[in-house]
Amino acid sequence: MPAVVRIKDYRSESRLFYMRVIQAIIFVIILLVILVGRFVYLQIINHDVYAALSKENRVKLVAIPPTRGLIFDRNGILLAESQPSYSLEIISERVINMDKTLEDIANLIDVSDIDIARFFKLKKRRSSFQGIPLRLKMTNAEVAKIAVNQHHMLGVDIVVRLIRHYPQKQHAAHVLGYVGHISEQELDQLDKSDYRGTSHIGKSGIERHYEATLHGRVGMQQVEINARGRVLRKLESVTAQPGNNLYLTIDSKLQHVAEQALGEESGAVVAIAPQTGEVLVFASKPGYDPNLFVDGIDYKTYKAYNESGSRPLYNRALHGRYPPGSTIKPFVALAGLETGIVEHDHSVSCPGYYSLPGDNYRYRCWKERGHGTVNMHKSIVESCDVFYYQLARALKINHLHDYMVLFGFGEKTGVDLLDTRNEPSGLFPSRGWKRQTLGETWYPGETLITGIGQGFILSTPLQLASATATLANHGVRIRPRLVRQIEDMRTGEKIRTPIQRFNVVPKIEEEHWEQVIQAMRDVVHSPTGTARRLNRDIPYSIAGKTGTAQVIGIGQDETYDETKIAKKYRDHALFVAFAPVENPQIAVAVIVENGGSGSSSAAPVAGEVIKAWLVPKIESGELVLGPEISSASPP
Amino acid sequence: MKELLNKLHLDGMLLLGIIALCSLSLVILYSAGGQQTDILIKQSIRLLSGLVVMLAIAQLPPQLFRIWTPWIYMIGLALLVGVIFYGEQAKGAQRWLDIFGLFRFQPSEIMKLALPLMLARFFSEYELPPAWPRLLLAAVLIGLPFVLIILQPDLGTSLLIAASGFFVIFLAGIRWKVLISLLLTGISCLPMAWYFLLHEYQKLRVITLLDPESDPLNAGWHTIQAKIAIGSGGTYGKGWLNGTQSQLEFLPERHTDFIFAVIGEEFGFVGLVILLAVYLFITGRGLYIAVHGQDSFEKMLVGSLCLTFFTYVFVNIGMVSGILPVVGLPLPLISYGGTSIITLLAGFGMIMSVQTHKKLFQHEGF
């Protein structure tokens, strides 16, 4: 507001406005006169020309839908294709006797009640000159039977269209996703002209995230038709531009190994090539058959999928959030070394439990009798909990949080499988987080259990694999990605997707990386390591860490006895690893739901995946192993 | 009747024009949409909900709009920024915003009302015509949403929103000399926008927009078929449901952006002139209400809304009849679908509110 209030001259303002409105009306009228003049020109002066054009107008524009891009694995194994599918359509205005025609068809091929019901439903909605599908997905024999008899069934047509087919069925289903009919809501948001003639759209997974790349561009064909709408001649056209092919980073063979190794268990395996961020395996079990979704899944199957306790539609590798358990210990150890809270040879004593000063509550170590004297190396090799209770307490939760976030705990990985906004970020708790979401203060005990990967902390298998790859890279965090190459169908050029670095975990001394990685190596290669069973018959070295995530709490005086607990309350088994230690080629995270301990059920899965990836490379000479590092197990 | 309308805060004449257009919309849609009833039902639901919004807004006194204006404008801007970061991809552009998964809308629709409100309020605070510093600030108020919507990218909407702002400046009474120099400045900024703001594919869109023949099977095709439809309609038209261009599906987008061509084909020159008369009637009545507004805020707001409404009409008809380039814009209150129906009727709700919330000592026609 101005300091000096000036009195407004309302009368002159009113007059000014009145003049402006008059001027505006003059403009409006001029524009209307232009329009009317145009109508006179089109409708009266040139009426004869346009009337003749309209009478002779036999040229129609028909959309040519583009063929959808194919999806291959990294070696060119086909994962998703478009296959011709034959359907029987009826143009009702050409049919003389509908009941008889339907009866004739039913005598030749199978027509279910569902087909008939859908046909009559669609018939009400579509014009009489449009084809209405009666039977979908006809077999070749059925097509032949109809074709032979078609001459005496007027209005019956066999129509070919391309439908999406996933030849490997359940294999890598959660990565690929599936296509389905375009919904009304999706139609609202699409460029309708680009989807003219297209009935399907990516609904989940790569199919959805790369929809724009896979779809291609619609083509246009001018066709000459006769008065009944039958096409006589094809005229000028703009060809459809097929969608681009995708080559995934996934190795189909390796993915098979992982899926087989998980067997009937529910769980997930993610393997990443540390230097490039390429995701080699992205498996979630149980799986589902994406082909069922392409033409709309029937209610019964969908219900069965949804109500199954093991939730096959759920992508555990991406959406599953699990406490990481002891797999977090190498990262916590690094934070301890870096902050100078522990020295490499600093020891604590583990009597089998730890209590906060002035509190009788016993935070237990998994080994009831205790580990005796434990230094950093032994704490990782034998997974001593007490060491990490003390370390976490000394680090304090906020410090711990700041270090773990650098490895991507509680952060989105940015994987190219869904909109980053929708990616679960997992959770690494902090004081601020607890105050904001639960409205409570942080208790010291919660810091302790966070140190062993329990409590509020949650991470996804993808995050764990990415964190392990970051560790293998000595702190270089690379965005994991699932598409390796995009084949541009116009130029035939295969374009590599770029490697994107997130950040480098700052200023961690080389010595500390070596110490932690050496300890992880001895988890597998020393006789006391928790995953020592993995080291049999392998020509390379593995660095790993087992983990066990509690599903139910165990009371102070109870003991956990796996055999007495129902399967669904058993612990989740986890294992993270990378190999070879000197020159990491693969980083793996495995989760087996209710699998018990990490060493018994998760580690073998990782072992098989690593073996299947490295052995052929060693045999072909592609991978040359460095000098064997001798096991330096502590006394 | 008059009393009832007054009680409901509705303006009889405007309502008459709007109802006429809505009815015509359903009649034409039945023909253009291939005689499908579900299109009619959906359109009726949209029109009815639009009328309910209009009725609701008409109940609010204009003073309330005035008070809320800065907030509406700022929320509108915030949503536009939100769209850039969180918007849903649609038609290769981010225009939609999803609110907690409950409903989606285009924040640019809010701006269609928020910008005229903001400028009307801004100019009405001080004496008119506004001085240079005010004009510069006004340029910022227009420029912010303009740039944000261009970034989506939605060139058509951003130009129309800028136009609604320009109308307020025009009605505020700045001198012609200033007005013309402002326009020239705006035009001279276009090359800068071309080089710094537009993406490659946007430039391509502008090129096709200026030269439809470069895309003969898309935009060019639309124009050719629309001209044949209108021209073959002649003086009296081919009659309802008898337009061959539309019934035999030669005319693309016949129930949405190109519905005007269907009217031209089936109802001829006479039908088109009557339709234009209805639009003129509504615009004229609106401007009458603007002149008789109680203060400069009401006057400028109503005046700008009316002129914007007419601009939509002119741009759509001009595009369909082939004197303007093809831009995706519906024919107000007639075309099928689009969130624009709700926004348009909300605007008419404001106009009716201005007309029916006069203080007692003032009489209409004063």
# chains A, B, ... in the order shown; residues from 1 in each chain; ligands from 1
call {"tool": "interface_residues", "arguments": {"of": "chain B", "to": "chain A", "cutoff": "7 Å", "atoms": "only C-alpha atoms", "output": "PyMOL selection string"}}
result
chain B and resi 90-91+127-128+171-173+217+228+230-235+245+250+269+287+291
call {"tool": "residues_around", "arguments": {"residues": "Pro324 (chain A)", "least_positions_apart": "3", "cutoff": "10 Å", "atoms": "only C-alpha atoms", "output": "PyMOL selection string"}}
result
chain A and resi 321+327-329+409+450+452-455+457-461+463-464+546-550+572-576+591
call {"tool": "residues_around", "arguments": {"residues": "region 72-78 of chain A", "least_positions_apart": "4", "cutoff": "6 Å", "atoms": "only C-alpha atoms", "output": "PyMOL selection string"}}
result
chain A and resi 247-252
call {"tool": "closest_residue", "arguments": {"among": "B:Gln35, B:Ser304, B:Gln43, B:Thr356", "to": "Trp240 (chain B)", "atoms": "only C-alpha atoms"}}
result
B:Gln35
call {"tool": "residues_around", "arguments": {"residues": "Asn244 (chain A)", "least_positions_apart": "2", "cutoff": "8 Å", "atoms": "only C-alpha atoms", "output": "mmCIF file with N, CA and C atoms, in the first residue's frame"}}
result
data_model
loop_
_atom_site.group_PDB
_atom_site.id
_atom_site.type_symbol
_atom_site.label_atom_id
_atom_site.label_comp_id
_atom_site.auth_asym_id
_atom_site.auth_seq_id
_atom_site.Cartn_x
_atom_site.Cartn_y
_atom_site.Cartn_z
ATOM 1 N N ARG A 68 5.463 -53.528 -31.440
ATOM 2 C CA ARG A 68 6.155 -53.222 -30.197
ATOM 3 C C ARG A 68 7.561 -53.808 -30.218
ATOM 4 N N GLY A 69 8.489 -53.075 -29.613
ATOM 5 C CA GLY A 69 9.873 -53.535 -29.562
ATOM 6 C C GLY A 69 9.998 -54.847 -28.802
ATOM 7 N N LEU A 70 11.038 -55.611 -29.143
ATOM 8 C CA LEU A 70 11.263 -56.885 -28.460
ATOM 9 C C LEU A 70 12.154 -56.649 -27.250
ATOM 10 N N THR A 213 9.719 -46.079 -25.261
ATOM 11 C CA THR A 213 10.749 -46.634 -26.134
ATOM 12 C C THR A 213 10.225 -47.826 -26.924
ATOM 13 N N LEU A 214 9.423 -48.670 -26.255
ATOM 14 C CA LEU A 214 8.960 -49.908 -26.879
ATOM 15 C C LEU A 214 7.813 -49.681 -27.865
ATOM 16 N N HIS A 215 7.029 -48.614 -27.631
ATOM 17 C CA HIS A 215 5.783 -48.464 -28.391
ATOM 18 C C HIS A 215 6.002 -48.170 -29.873
ATOM 19 N N GLY A 216 6.930 -47.277 -30.192
ATOM 20 C CA GLY A 216 7.092 -46.874 -31.589
ATOM 21 C C GLY A 216 6.114 -45.764 -31.955
ATOM 22 N N PRO A 242 8.437 -48.906 -35.988
ATOM 23 C CA PRO A 242 8.366 -49.910 -34.928
ATOM 24 C C PRO A 242 9.064 -49.440 -33.655
ATOM 25 N N LEU A 246 14.866 -53.699 -26.755
ATOM 26 C CA LEU A 246 15.663 -53.503 -25.544
ATOM 27 C C LEU A 246 16.514 -54.736 -25.284
ATOM 28 N N ILE A 486 19.728 -50.028 -26.140
ATOM 29 C CA ILE A 486 18.464 -49.769 -26.831
ATOM 30 C C ILE A 486 18.771 -49.809 -28.325
ATOM 31 N N GLU A 487 18.081 -50.682 -29.044
ATOM 32 C CA GLU A 487 18.329 -50.800 -30.476
ATOM 33 C C GLU A 487 17.380 -49.874 -31.217
ATOM 34 N N ASP A 488 17.917 -48.814 -31.772
ATOM 35 C CA ASP A 488 17.127 -47.850 -32.523
ATOM 36 C C ASP A 488 16.704 -48.499 -33.840
ATOM 37 N N MET A 489 15.374 -48.668 -34.044
ATOM 38 C CA MET A 489 14.923 -49.423 -35.198
ATOM 39 C C MET A 489 15.045 -48.638 -36.504
#
call {"tool": "select_by_dssp", "arguments": {"residues": "region 481-601 of chain A", "states": "strand (DSSP E)", "output": "MDAnalysis selection string"}}
result
chainID A and resid 483:487 494:496 501:504 543:549 572:579 586:592
call {"tool": "write_last_selection", "arguments": {"atoms": "N, CA and C atoms", "output": "compact mmCIF listing (two decimals), in the first residue's frame"}}
result
# COMPACT_ATOMS: atom_id res chain seq x y z
N VAL A 483 18.45 -51.97 -18.24
CA VAL A 483 18.51 -51.95 -19.71
C VAL A 483 19.93 -51.61 -20.12
N ARG A 484 20.54 -52.47 -20.94
CA ARG A 484 21.94 -52.32 -21.29
C ARG A 484 22.07 -51.58 -22.61
N GLN A 485 21.21 -51.97 -23.58
CA GLN A 485 21.28 -51.36 -24.90
C GLN A 485 19.87 -51.12 -25.42
N ILE A 486 19.73 -50.03 -26.14
CA ILE A 486 18.46 -49.77 -26.83
C ILE A 486 18.77 -49.81 -28.32
N GLU A 487 18.08 -50.68 -29.04
CA GLU A 487 18.33 -50.80 -30.48
C GLU A 487 17.38 -49.87 -31.22
N LYS A 494 22.71 -49.88 -32.00
CA LYS A 494 22.47 -50.25 -30.61
C LYS A 494 23.16 -49.23 -29.71
N ILE A 495 22.36 -48.58 -28.93
CA ILE A 495 22.93 -47.52 -28.09
C ILE A 495 23.04 -48.02 -26.66
N ARG A 496 24.25 -47.90 -26.10
CA ARG A 496 24.48 -48.31 -24.72
C ARG A 496 23.85 -47.30 -23.77
N ARG A 501 27.17 -42.57 -11.99
CA ARG A 501 27.70 -42.64 -10.63
C ARG A 501 26.84 -41.81 -9.72
N PHE A 502 26.57 -42.32 -8.54
CA PHE A 502 25.83 -41.54 -7.56
C PHE A 502 26.79 -40.61 -6.82
N ASN A 503 27.60 -41.23 -5.98
CA ASN A 503 28.54 -40.45 -5.21
C ASN A 503 29.64 -41.40 -4.79
N VAL A 504 30.69 -40.84 -4.32
CA VAL A 504 31.75 -41.67 -3.78
C VAL A 504 31.68 -41.52 -2.27
N ALA A 543 34.13 -62.67 -0.93
CA ALA A 543 33.96 -61.93 0.32
C ALA A 543 32.47 -61.90 0.60
N GLY A 544 32.07 -62.30 1.80
CA GLY A 544 30.63 -62.36 2.04
C GLY A 544 30.29 -62.01 3.46
N LYS A 545 29.01 -61.97 3.74
CA LYS A 545 28.54 -61.79 5.11
C LYS A 545 27.16 -62.40 5.24
N THR A 546 27.01 -63.24 6.24
CA THR A 546 25.71 -63.86 6.49
C THR A 546 24.83 -62.92 7.30
N GLY A 547 23.55 -63.20 7.30
CA GLY A 547 22.65 -62.40 8.12
C GLY A 547 21.39 -63.19 8.41
N THR A 548 20.77 -62.86 9.54
CA THR A 548 19.54 -63.51 9.92
C THR A 548 18.62 -62.43 10.44
N ALA A 549 17.43 -62.35 9.90
CA ALA A 549 16.52 -61.30 10.34
C ALA A 549 15.37 -61.93 11.10
N HIS A 572 14.23 -64.82 8.60
CA HIS A 572 14.63 -64.69 7.20
C HIS A 572 16.14 -64.89 7.10
N ALA A 573 16.56 -65.63 6.08
CA ALA A 573 18.00 -65.85 5.90
C ALA A 573 18.53 -64.89 4.86
N LEU A 574 19.68 -64.26 5.15
CA LEU A 574 20.26 -63.31 4.21
C LEU A 574 21.73 -63.62 3.96
N PHE A 575 22.19 -63.24 2.78
CA PHE A 575 23.62 -63.35 2.50
C PHE A 575 23.98 -62.32 1.45
N VAL A 576 25.07 -61.58 1.71
CA VAL A 576 25.59 -60.68 0.69
C VAL A 576 27.02 -61.09 0.40
N ALA A 577 27.44 -60.94 -0.86
CA ALA A 577 28.79 -61.37 -1.20
C ALA A 577 29.24 -60.69 -2.49
N PHE A 578 30.57 -60.64 -2.67
CA PHE A 578 31.09 -60.27 -3.99
C PHE A 578 32.33 -61.11 -4.27
N ALA A 579 32.63 -61.24 -5.58
CA ALA A 579 33.74 -62.10 -5.95
C ALA A 579 34.20 -61.74 -7.37
N ILE A 586 31.09 -59.56 -9.61
CA ILE A 586 29.68 -59.74 -9.31
C ILE A 586 29.45 -59.51 -7.82
N ALA A 587 28.37 -58.78 -7.51
CA ALA A 587 27.96 -58.59 -6.11
C ALA A 587 26.54 -59.11 -5.99
N VAL A 588 26.31 -59.93 -4.98
CA VAL A 588 25.03 -60.62 -4.87
C VAL A 588 24.39 -60.34 -3.51
N ALA A 589 23.08 -60.22 -3.50
CA ALA A 589 22.33 -60.22 -2.24
C ALA A 589 21.24 -61.27 -2.36
N VAL A 590 21.11 -62.10 -1.34
CA VAL A 590 20.11 -63.17 -1.36
C VAL A 590 19.25 -63.07 -0.11
N ILE A 591 17.96 -63.20 -0.28
CA ILE A 591 17.07 -63.29 0.87
C ILE A 591 16.19 -64.51 0.69
N VAL A 592 16.18 -65.37 1.68
CA VAL A 592 15.25 -66.50 1.66
C VAL A 592 14.30 -66.29 2.83
call {"tool": "closest_residue", "arguments": {"among": "B:Val302, B:Gln355, B:Ser25, B:Leu307", "to": "Leu331 (chain B)", "atoms": "only C-alpha atoms"}}
result
B:Ser25
call {"tool": "residues_around", "arguments": {"residues": "Ile114 (chain A)", "least_positions_apart": "3", "cutoff": "10 Å", "atoms": "only C-alpha atoms", "output": "MDAnalysis selection string"}}
result
chainID A and resid 111 117:119 134:135
call {"tool": "residues_around", "arguments": {"residues": "region 314-327 of chain B", "least_positions_apart": "2", "cutoff": "10 Å", "atoms": "only C-alpha atoms", "output": "PyMOL selection string"}}
result
(chain A and resi 28+31-32+34-35+38-39+42) or (chain B and resi 155-157+160+205-206+208-212+219-220+222-231+257-261+264+276+279+308-312+329-332)
call {"tool": "write_last_selection", "arguments": {"atoms": "C-alpha atoms", "output": "CSV table (one decimal), in the first residue's frame"}}
result
chain,number,residue,atom,x,y,z
A,28,VAL,CA,-15.3,-9.3,-31.4
A,31,LEU,CA,-13.7,-11.4,-35.8
A,32,LEU,CA,-17.2,-12.8,-36.2
A,34,ILE,CA,-14.3,-12.8,-40.6
A,35,LEU,CA,-15.7,-16.1,-39.5
A,38,ARG,CA,-15.3,-17.8,-44.2
A,39,PHE,CA,-18.6,-19.7,-44.0
A,42,LEU,CA,-17.0,-22.4,-47.9
B,155,LEU,CA,2.3,-24.0,-25.7
B,156,GLY,CA,-1.4,-23.6,-26.6
B,157,THR,CA,-2.6,-23.3,-23.1
B,160,LEU,CA,-4.3,-18.6,-24.0
B,205,ARG,CA,5.2,-29.1,-33.1
B,206,VAL,CA,5.3,-25.4,-33.7
B,208,THR,CA,3.6,-28.3,-38.1
B,209,LEU,CA,1.3,-25.8,-36.4
B,210,LEU,CA,2.5,-23.1,-38.8
B,211,ASP,CA,2.7,-25.3,-41.8
B,212,PRO,CA,0.1,-28.1,-41.7
B,219,ALA,CA,-3.0,-32.0,-39.0
B,220,GLY,CA,-3.3,-31.3,-42.7
B,222,HIS,CA,-7.9,-32.8,-40.4
B,223,THR,CA,-8.2,-29.4,-42.1
B,224,ILE,CA,-8.9,-30.8,-45.5
B,225,GLN,CA,-11.7,-33.1,-44.2
B,226,ALA,CA,-13.1,-30.4,-42.0
B,227,LYS,CA,-13.3,-28.0,-44.9
B,228,ILE,CA,-15.1,-30.6,-47.1
B,229,ALA,CA,-17.6,-31.2,-44.2
B,230,ILE,CA,-18.4,-27.5,-43.7
B,231,GLY,CA,-18.5,-26.7,-47.4
B,257,ASP,CA,-11.9,-30.7,-31.3
B,258,PHE,CA,-13.5,-30.9,-34.7
B,259,ILE,CA,-17.2,-31.1,-33.7
B,260,PHE,CA,-17.8,-27.7,-35.3
B,261,ALA,CA,-17.3,-29.2,-38.7
B,264,GLY,CA,-21.5,-27.1,-40.3
B,276,LEU,CA,-22.2,-17.8,-33.5
B,279,TYR,CA,-21.8,-17.3,-28.5
B,308,THR,CA,-11.1,-15.2,-23.0
B,309,PHE,CA,-14.2,-17.3,-23.6
B,310,PHE,CA,-14.7,-15.6,-26.9
B,311,THR,CA,-11.0,-16.2,-27.8
B,312,TYR,CA,-11.5,-19.9,-27.2
B,329,LEU,CA,-8.5,-26.8,-28.3
B,330,PRO,CA,-12.1,-27.8,-27.7
B,331,LEU,CA,-15.2,-25.8,-28.8
B,332,PRO,CA,-16.4,-24.3,-25.5
call {"tool": "decode", "arguments": {"residues": "region 237-260 of chain A", "atoms": "N, CA and C atoms", "output": "short mmCIF file (atom, residue, chain, number, x, y, z; two decimals), in the first residue's frame"}}
result
data_model
loop_
_atom_site.label_atom_id
_atom_site.label_comp_id
_atom_site.auth_asym_id
_atom_site.auth_seq_id
_atom_site.Cartn_x
_atom_site.Cartn_y
_atom_site.Cartn_z
N SER A 237 0.74 -43.53 -47.86
CA SER A 237 0.83 -43.92 -46.46
C SER A 237 2.11 -43.43 -45.82
N VAL A 238 2.02 -43.30 -44.52
CA VAL A 238 3.22 -43.04 -43.72
C VAL A 238 3.43 -44.29 -42.91
N THR A 239 4.55 -44.95 -43.08
CA THR A 239 4.71 -46.23 -42.40
C THR A 239 4.87 -46.03 -40.91
N ALA A 240 4.42 -47.04 -40.21
CA ALA A 240 4.57 -47.01 -38.75
C ALA A 240 6.04 -47.21 -38.43
N GLN A 241 6.45 -46.56 -37.36
CA GLN A 241 7.84 -46.74 -36.94
C GLN A 241 7.85 -47.72 -35.78
N PRO A 242 8.44 -48.91 -35.99
CA PRO A 242 8.37 -49.91 -34.93
C PRO A 242 9.06 -49.44 -33.66
N GLY A 243 8.61 -49.98 -32.54
CA GLY A 243 9.23 -49.63 -31.27
C GLY A 243 10.65 -50.18 -31.19
N ASN A 244 11.45 -49.55 -30.35
CA ASN A 244 12.84 -49.97 -30.24
C ASN A 244 12.98 -51.25 -29.42
N ASN A 245 13.95 -52.07 -29.80
CA ASN A 245 14.23 -53.29 -29.03
C ASN A 245 15.09 -52.96 -27.82
N LEU A 246 14.87 -53.70 -26.76
CA LEU A 246 15.66 -53.50 -25.54
C LEU A 246 16.51 -54.74 -25.28
N TYR A 247 17.75 -54.51 -24.93
CA TYR A 247 18.62 -55.57 -24.44
C TYR A 247 18.85 -55.32 -22.97
N LEU A 248 18.37 -56.23 -22.14
CA LEU A 248 18.49 -56.03 -20.70
C LEU A 248 19.92 -56.32 -20.24
N THR A 249 20.21 -55.88 -19.02
CA THR A 249 21.50 -56.22 -18.42
C THR A 249 21.43 -57.63 -17.82
N ILE A 250 20.20 -58.14 -17.67
CA ILE A 250 19.98 -59.46 -17.09
C ILE A 250 20.65 -60.53 -17.95
N ASP A 251 21.28 -61.49 -17.30
CA ASP A 251 21.79 -62.66 -18.00
C ASP A 251 20.80 -63.79 -17.75
N SER A 252 20.09 -64.16 -18.81
CA SER A 252 19.01 -65.13 -18.65
C SER A 252 19.48 -66.43 -18.01
N LYS A 253 20.65 -66.90 -18.42
CA LYS A 253 21.15 -68.16 -17.88
C LYS A 253 21.40 -68.04 -16.38
N LEU A 254 22.03 -66.94 -16.01
CA LEU A 254 22.35 -66.72 -14.60
C LEU A 254 21.07 -66.56 -13.78
N GLN A 255 20.10 -65.87 -14.38
CA GLN A 255 18.80 -65.69 -13.72
C GLN A 255 18.15 -67.05 -13.47
N HIS A 256 18.29 -67.94 -14.46
CA HIS A 256 17.77 -69.30 -14.30
C HIS A 256 18.42 -69.99 -13.12
N VAL A 257 19.75 -69.86 -13.04
CA VAL A 257 20.48 -70.49 -11.94
C VAL A 257 19.92 -69.98 -10.61
N ALA A 258 19.72 -68.67 -10.51
CA ALA A 258 19.23 -68.09 -9.26
C ALA A 258 17.82 -68.59 -8.95
N GLU A 259 16.97 -68.62 -9.98
CA GLU A 259 15.58 -69.06 -9.76
C GLU A 259 15.55 -70.52 -9.33
N GLN A 260 16.41 -71.34 -9.97
CA GLN A 260 16.49 -72.75 -9.61
C GLN A 260 16.99 -72.91 -8.18
#
